[in-house]
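In what follows, a structure is listed as structure tokens, so that the remarks can point back to it.
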Amino acid sequence: MRYPVTLIAGDGIGPEVTAAAVKVMAATGVPIEWDPVELNARVIQAQGKTLPDHVVDSLLRTRLGLKGPVATPVAGGFQSVNVALRKRFDLFANFRPVVQIPGIPSRFQSDPINIVIFRENTEDLYSGLEQEIVPGVVTGLKVITRTASTRIARKAFEYALLHGRKKLTAIHKANIMKQADGLFLACCREVAAEYPGLEYQEMIVDNASMQMVMRPAQFDVLILPNLYGDIVSDLCAGLVGGLGIVPGANLGESFAIFESVHGSAPDIAGKGIANPTAIFQCCVLLLDHIGEREAARRLHGAIVKTYAEGKHLTGDIGGTAGTAEFTDAVVAAMR
Ligand code: NAI
């Protein structure tokens, strides 16, 4: 059996880390049939379309994607491709496991971090509904719906049940956004009531951010609306070695796109020094998703072994290796 997967290299370090991912996936022996499609800032500008047809057609066929980051212009320009993809394919759950890898320097060695983030992926302030009411006054709509809030909460609780997780924390700012975040919380509470065996708590996002920096081991599974989820994901990445490490998956009922938490990293693009661990961990999630559990376990084991040996680590983790050397070390560790 072959597995067709749409491959989006993206911008900046995207082509470098996705090429490395293709190499480690080949080393697992799992017959992936890549369908490389070009989706980056240049193509979007040239075609005048955020989601060009060739990308949509490929994903409709494969239902599965591995994606590098795509740059989004700040304060103007085209709409975020990431937001557009998540909406088009109804990838409502952004799943981000933040797990400490032994060998990566951390302040939290004695109390290892193992947090799973479920970020709502389709609404909130990412609705893109903004307008200038009068010159000098701009409003943006924060959209929270019962449907989207309930399904992200249910996804998180189902995951917790299936994976032996104990505690879920809903993160909010309902003391200020009483209706919008209030509805999000109400939905989380309703779902929590269906799972009496799992501990459920709520925390205001500012306090949660502080708690995460001080005592991250207290957190298990987090449920967040879109914007807080985006910010808290990067914060959590910083606790376990940075953006080079943490993977993610955009999950819907019929489609799944795997992508790192990090962006296109223009400051290091083209230098061959990006850490590909995050996208390798995306590959682990993808292999698990398609039921290739043994290959997922072997690839994950090879990443852990490479860090434990500590000889071929990239600059962001304090080493001197480039992307290629680290990749070769992971491939060698898999043998
Ligand atoms: P960024 O994640 O690209 O970079 C932040 C910092 O982390 C930089 O110092 C960078 O060098 C470092 N970094 C990121 N990934 C790394 C890796 N694999 N190895 C080593 N160091 C790494 O965030 P930034 O600068 O805010 O965003 C740059 C662009 O990426 C923007 O256009 C943004 O819209 C886009 N972006 C795209 C995402 C996606 O496609 N899913 C996600 C986040 C941002």
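For the structure tokens, the naming scheme is as follows: chains receive sequential letters (A, B, ...) according to their order of presentation, residues are indexed from 1 within each chain, and ligands are indexed from 1 in presentation order.
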Quiz prompt | Within 8 Å of ligand 1 (only C-alpha atoms and all ligand atoms), residues as JSON, numbers by chain | solution = {"A": [10, 11, 12, 13, 17, 67, 68, 69, 70, 71, 72, 73, 74, 80, 81, 82, 242, 243, 244, 245, 259, 260, 261, 262, 263, 264, 265, 266, 267, 268, 269, 273, 274, 275, 276, 277, 278, 314, 315, 316]}
Using only C-alpha atoms, find each residue in stretch 101-168 of chain A having at least one atom no more than 9 Å away from stretch 307-312 of chain A; report its shortest atom-to-atom pair and that distance in Å (one decimal), rows by chain then rising number, as a Markdown table.
```
| residue | atom | partner | partner_atom | distance |
| --- | --- | --- | --- | --- |
| A:Ile101 | CA | A:Tyr307 | CA | 7.4 |
| A:Pro102 | CA | A:Ala308 | CA | 6.4 |
| A:Gly103 | CA | A:Ala308 | CA | 5.0 |
| A:Ile104 | CA | A:Tyr307 | CA | 6.9 |
```
Quiz item: With distances taken over only C-alpha atoms, which of A:Arg151, A:Gln47, A:Gly128, A:Thr327 is nearest to A:Ala75?
Solution: A:Gly128
Practice problem: Would you please give, as a PyMOL selection string, all residues of stretch 257-320 of chain A that DSSP assigns to alpha helix (DSSP H) based on the backbone? | Solution: chain A and resi 277-289+293-309
Please provide as a compact mmCIF listing (two decimals) with all heavy atoms, in the first residue's frame all residues within 12 Å of A:Ala302, with the sequence filter that same-chain residues fewer than 5 positions apart are discarded (counting only C-alpha atoms).
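Saved result, out26.txt, follows:
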```txt
# COMPACT_ATOMS: atom_id res chain seq x y z
N VAL A 24 14.30 11.55 5.79
CA VAL A 24 14.10 10.64 6.94
C VAL A 24 12.88 9.73 6.72
O VAL A 24 12.87 8.58 7.15
CB VAL A 24 13.98 11.36 8.31
CG1 VAL A 24 15.27 12.04 8.70
CG2 VAL A 24 12.82 12.30 8.40
N MET A 25 11.89 10.26 6.01
CA MET A 25 10.71 9.41 5.73
C MET A 25 11.13 8.24 4.82
O MET A 25 10.66 7.12 5.00
CB MET A 25 9.60 10.22 5.07
CG MET A 25 8.85 11.11 6.04
SD MET A 25 7.89 10.18 7.24
CE MET A 25 6.25 10.53 6.64
N ALA A 27 13.95 6.86 4.80
CA ALA A 27 14.71 5.93 5.64
C ALA A 27 13.81 5.05 6.51
O ALA A 27 14.23 3.98 6.96
CB ALA A 27 15.70 6.71 6.52
N THR A 28 12.58 5.46 6.74
CA THR A 28 11.66 4.61 7.53
C THR A 28 11.18 3.42 6.70
O THR A 28 10.71 2.44 7.24
CB THR A 28 10.40 5.38 7.99
OG1 THR A 28 9.62 5.74 6.84
CG2 THR A 28 10.71 6.61 8.82
N ILE A 101 12.69 16.63 25.11
CA ILE A 101 13.57 15.56 24.63
C ILE A 101 14.81 15.58 25.50
O ILE A 101 15.49 16.62 25.59
CB ILE A 101 13.96 15.78 23.15
CG1 ILE A 101 12.70 15.80 22.26
CG2 ILE A 101 14.93 14.71 22.67
CD1 ILE A 101 12.98 16.08 20.78
N THR A 277 14.16 19.22 13.47
CA THR A 277 13.51 18.32 14.44
C THR A 277 12.00 18.48 14.43
O THR A 277 11.25 17.50 14.50
CB THR A 277 14.06 18.57 15.86
OG1 THR A 277 15.46 18.42 15.83
CG2 THR A 277 13.45 17.61 16.88
N PHE A 280 10.54 16.71 11.59
CA PHE A 280 10.71 15.25 11.80
C PHE A 280 9.64 14.75 12.78
O PHE A 280 9.08 13.67 12.62
CB PHE A 280 12.10 14.92 12.36
CG PHE A 280 13.24 15.16 11.38
CD1 PHE A 280 14.56 14.96 11.77
CD2 PHE A 280 13.00 15.54 10.07
CE1 PHE A 280 15.61 15.17 10.88
CE2 PHE A 280 14.04 15.76 9.17
CZ PHE A 280 15.35 15.58 9.59
N GLN A 281 9.38 15.56 13.80
CA GLN A 281 8.35 15.15 14.77
C GLN A 281 6.96 15.21 14.12
O GLN A 281 6.07 14.44 14.48
CB GLN A 281 8.41 16.03 16.02
CG GLN A 281 9.74 15.90 16.75
CD GLN A 281 9.58 15.93 18.26
OE1 GLN A 281 9.16 14.94 18.85
NE2 GLN A 281 9.91 17.05 18.88
N VAL A 284 6.59 11.95 12.54
CA VAL A 284 6.20 10.94 13.52
C VAL A 284 4.68 10.96 13.70
O VAL A 284 4.02 9.91 13.68
CB VAL A 284 6.91 11.17 14.89
CG1 VAL A 284 6.36 10.23 15.95
CG2 VAL A 284 8.42 11.02 14.74
N ALA A 295 6.99 2.40 12.41
CA ALA A 295 7.88 3.38 11.76
C ALA A 295 7.91 4.68 12.57
O ALA A 295 8.97 5.30 12.73
CB ALA A 295 7.41 3.64 10.34
N ALA A 296 6.77 5.09 13.09
CA ALA A 296 6.71 6.31 13.92
C ALA A 296 7.59 6.14 15.15
O ALA A 296 8.36 7.04 15.52
CB ALA A 296 5.26 6.58 14.33
N ARG A 297 7.50 4.97 15.76
CA ARG A 297 8.28 4.70 16.98
C ARG A 297 9.78 4.71 16.66
O ARG A 297 10.58 5.26 17.38
CB ARG A 297 7.85 3.34 17.53
CG ARG A 297 8.20 3.09 18.99
CD ARG A 297 7.93 1.64 19.39
NE ARG A 297 8.59 0.68 18.50
CZ ARG A 297 9.90 0.42 18.50
NH1 ARG A 297 10.69 1.05 19.33
NH2 ARG A 297 10.40 -0.45 17.65
N TYR A 307 19.76 13.18 19.98
CA TYR A 307 19.93 14.19 21.04
C TYR A 307 20.70 13.62 22.22
O TYR A 307 21.52 14.32 22.82
CB TYR A 307 18.56 14.74 21.48
CG TYR A 307 18.12 15.86 20.56
CD1 TYR A 307 17.17 15.64 19.56
CD2 TYR A 307 18.69 17.13 20.66
CE1 TYR A 307 16.79 16.64 18.69
CE2 TYR A 307 18.32 18.15 19.78
CZ TYR A 307 17.37 17.90 18.81
OH TYR A 307 17.02 18.90 17.95
N ALA A 308 20.46 12.35 22.55
CA ALA A 308 21.16 11.75 23.70
C ALA A 308 22.66 11.70 23.41
O ALA A 308 23.48 11.97 24.29
CB ALA A 308 20.61 10.35 23.96
N GLU A 309 23.04 11.39 22.15
CA GLU A 309 24.46 11.35 21.80
C GLU A 309 25.05 12.75 21.77
O GLU A 309 26.20 12.96 22.12
CB GLU A 309 24.65 10.65 20.45
CG GLU A 309 24.43 9.16 20.56
CD GLU A 309 24.47 8.43 19.22
OE1 GLU A 309 24.63 9.10 18.16
OE2 GLU A 309 24.33 7.20 19.23
N PHE A 326 22.64 16.98 10.85
CA PHE A 326 21.67 16.48 11.84
C PHE A 326 20.78 15.41 11.20
O PHE A 326 20.51 14.36 11.78
CB PHE A 326 20.82 17.63 12.39
CG PHE A 326 19.79 17.18 13.40
CD1 PHE A 326 20.13 17.00 14.73
CD2 PHE A 326 18.48 16.91 13.01
CE1 PHE A 326 19.19 16.55 15.66
CE2 PHE A 326 17.53 16.47 13.92
CZ PHE A 326 17.88 16.29 15.26
N THR A 327 20.34 15.69 9.96
CA THR A 327 19.46 14.75 9.25
C THR A 327 20.16 13.40 9.05
O THR A 327 19.58 12.34 9.31
CB THR A 327 19.05 15.34 7.87
OG1 THR A 327 18.45 16.61 8.11
CG2 THR A 327 18.09 14.44 7.12
N ASP A 328 21.42 13.46 8.61
CA ASP A 328 22.18 12.22 8.41
C ASP A 328 22.32 11.45 9.72
O ASP A 328 22.25 10.21 9.73
CB ASP A 328 23.58 12.53 7.83
CG ASP A 328 23.48 13.04 6.38
OD1 ASP A 328 22.41 12.85 5.76
OD2 ASP A 328 24.45 13.65 5.89
N ALA A 329 22.49 12.18 10.82
CA ALA A 329 22.63 11.51 12.12
C ALA A 329 21.34 10.79 12.49
O ALA A 329 21.36 9.67 13.01
CB ALA A 329 23.01 12.54 13.19
N VAL A 330 20.19 11.42 12.20
CA VAL A 330 18.91 10.78 12.52
C VAL A 330 18.71 9.54 11.64
O VAL A 330 18.29 8.48 12.11
CB VAL A 330 17.73 11.78 12.37
CG1 VAL A 330 16.38 11.08 12.48
CG2 VAL A 330 17.83 12.89 13.41
N VAL A 331 19.06 9.68 10.36
CA VAL A 331 18.93 8.53 9.45
C VAL A 331 19.83 7.38 9.93
O VAL A 331 19.40 6.21 10.00
CB VAL A 331 19.29 8.94 7.99
CG1 VAL A 331 19.43 7.72 7.09
CG2 VAL A 331 18.22 9.89 7.44
N ALA A 332 21.06 7.71 10.33
CA ALA A 332 21.99 6.68 10.81
C ALA A 332 21.45 6.03 12.09
O ALA A 332 21.55 4.81 12.26
CB ALA A 332 23.37 7.30 11.06
N ALA A 333 20.84 6.83 12.94
CA ALA A 333 20.33 6.31 14.22
C ALA A 333 19.15 5.37 14.00
O ALA A 333 18.81 4.57 14.87
CB ALA A 333 19.93 7.47 15.13
N MET A 334 18.53 5.48 12.84
CA MET A 334 17.35 4.64 12.57
C MET A 334 17.76 3.24 12.12
O MET A 334 16.96 2.32 12.16
CB MET A 334 16.49 5.30 11.49
CG MET A 334 15.05 5.38 11.90
SD MET A 334 14.02 6.07 10.63
CE MET A 334 14.87 7.53 10.15
N ARG A 335 19.01 3.11 11.67
CA ARG A 335 19.43 1.82 11.11
C ARG A 335 19.61 0.79 12.22
O ARG A 335 20.04 1.11 13.29
CB ARG A 335 20.76 2.00 10.37
CG ARG A 335 20.54 2.77 9.09
CD ARG A 335 21.63 2.51 8.07
NE ARG A 335 21.47 3.48 6.99
CZ ARG A 335 22.25 4.55 6.80
NH1 ARG A 335 23.27 4.76 7.58
NH2 ARG A 335 22.01 5.38 5.81
```
Exercise. Write out as JSON, numbers by chain the residues lying within 12 Å of stretch 85-93 of chain A, counting only C-alpha atoms and excluding same-chain residues fewer than 6 positions away.
Key: {"A": [8, 39, 50, 51, 52, 53, 55, 56, 57, 59, 60, 63, 64, 65, 67, 70, 79, 117, 118, 119, 120, 121, 122, 123, 124, 126, 127, 128, 147, 148, 149, 150, 151, 152, 153, 154, 155, 156, 159, 223, 224, 225, 226, 229, 248, 249, 250, 251, 252, 253, 254, 255, 256, 257, 258, 259]}
Quiz item: What residues in stretch 16-47 of chain A get the DSSP label strand (DSSP E or B)? Please answer as number ranges by chain.
Solution: A: 32-37
Could you save the residues just selected, with all heavy atoms, as a PDB file, in the first residue's frame?
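Okay, result-v8.pdb is ready:
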```
ATOM      1  N   ILE A  32       5.716   6.314   1.007  1.00  0.00           N
ATOM      2  CA  ILE A  32       4.980   7.569   0.848  1.00  0.00           C
ATOM      3  C   ILE A  32       5.102   8.004  -0.612  1.00  0.00           C
ATOM      4  O   ILE A  32       6.198   7.998  -1.179  1.00  0.00           O
ATOM      5  CB  ILE A  32       5.568   8.682   1.750  1.00  0.00           C
ATOM      6  CG1 ILE A  32       5.572   8.262   3.234  1.00  0.00           C
ATOM      7  CG2 ILE A  32       4.837  10.001   1.540  1.00  0.00           C
ATOM      8  CD1 ILE A  32       4.267   8.328   3.928  1.00  0.00           C
ATOM      9  N   GLU A  33       3.993   8.384  -1.194  1.00  0.00           N
ATOM     10  CA  GLU A  33       4.001   8.887  -2.575  1.00  0.00           C
ATOM     11  C   GLU A  33       3.801  10.399  -2.490  1.00  0.00           C
ATOM     12  O   GLU A  33       2.673  10.879  -2.347  1.00  0.00           O
ATOM     13  CB  GLU A  33       2.826   8.238  -3.299  1.00  0.00           C
ATOM     14  CG  GLU A  33       2.849   8.334  -4.786  1.00  0.00           C
ATOM     15  CD  GLU A  33       1.616   7.614  -5.325  1.00  0.00           C
ATOM     16  OE1 GLU A  33       1.664   6.381  -5.481  1.00  0.00           O
ATOM     17  OE2 GLU A  33       0.602   8.295  -5.526  1.00  0.00           O
ATOM     18  N   TRP A  34       4.906  11.141  -2.528  1.00  0.00           N
ATOM     19  CA  TRP A  34       4.821  12.594  -2.346  1.00  0.00           C
ATOM     20  C   TRP A  34       4.209  13.258  -3.575  1.00  0.00           C
ATOM     21  O   TRP A  34       4.544  12.907  -4.702  1.00  0.00           O
ATOM     22  CB  TRP A  34       6.209  13.197  -2.103  1.00  0.00           C
ATOM     23  CG  TRP A  34       6.881  12.707  -0.850  1.00  0.00           C
ATOM     24  CD1 TRP A  34       7.960  11.858  -0.788  1.00  0.00           C
ATOM     25  CD2 TRP A  34       6.540  13.018   0.504  1.00  0.00           C
ATOM     26  NE1 TRP A  34       8.305  11.632   0.530  1.00  0.00           N
ATOM     27  CE2 TRP A  34       7.455  12.328   1.340  1.00  0.00           C
ATOM     28  CE3 TRP A  34       5.551  13.810   1.107  1.00  0.00           C
ATOM     29  CZ2 TRP A  34       7.408  12.406   2.732  1.00  0.00           C
ATOM     30  CZ3 TRP A  34       5.510  13.887   2.492  1.00  0.00           C
ATOM     31  CH2 TRP A  34       6.421  13.194   3.292  1.00  0.00           C
ATOM     32  N   ASP A  35       3.352  14.228  -3.339  1.00  0.00           N
ATOM     33  CA  ASP A  35       2.868  15.072  -4.429  1.00  0.00           C
ATOM     34  C   ASP A  35       3.310  16.505  -4.105  1.00  0.00           C
ATOM     35  O   ASP A  35       2.625  17.231  -3.385  1.00  0.00           O
ATOM     36  CB  ASP A  35       1.331  14.987  -4.524  1.00  0.00           C
ATOM     37  CG  ASP A  35       0.816  15.787  -5.723  1.00  0.00           C
ATOM     38  OD1 ASP A  35       1.632  16.116  -6.615  1.00  0.00           O
ATOM     39  OD2 ASP A  35      -0.387  16.103  -5.759  1.00  0.00           O
ATOM     40  N   PRO A  36       4.501  16.891  -4.609  1.00  0.00           N
ATOM     41  CA  PRO A  36       5.007  18.225  -4.262  1.00  0.00           C
ATOM     42  C   PRO A  36       4.209  19.304  -4.979  1.00  0.00           C
ATOM     43  O   PRO A  36       4.051  19.247  -6.199  1.00  0.00           O
ATOM     44  CB  PRO A  36       6.464  18.206  -4.759  1.00  0.00           C
ATOM     45  CG  PRO A  36       6.706  16.844  -5.344  1.00  0.00           C
ATOM     46  CD  PRO A  36       5.388  16.174  -5.541  1.00  0.00           C
ATOM     47  N   VAL A  37       3.708  20.278  -4.247  1.00  0.00           N
ATOM     48  CA  VAL A  37       2.990  21.401  -4.873  1.00  0.00           C
ATOM     49  C   VAL A  37       3.631  22.714  -4.410  1.00  0.00           C
ATOM     50  O   VAL A  37       4.062  22.828  -3.266  1.00  0.00           O
ATOM     51  CB  VAL A  37       1.475  21.410  -4.522  1.00  0.00           C
ATOM     52  CG1 VAL A  37       0.772  20.217  -5.127  1.00  0.00           C
ATOM     53  CG2 VAL A  37       1.242  21.466  -3.024  1.00  0.00           C
TER      54      VAL A  37
END
```
Practice problem: Name the closest residue to A:Lys271 among the candidates A:Ile290, A:Gln131, A:Gly322, A:Val246; distances are taken between atoms, counting only C-alpha atoms. | Solution: A:Gly322
Self-check item: Exercise: stretch 217-221 of chain A partners within 12 Å, only C-alpha atoms, chain neighbours under 2 positions left out, as number ranges by chain
Solution: A: 95-100, 107-119, 153, 155-161, 163-171, 198-203, 208-209, 211-215, 223-224, 236, 239-240
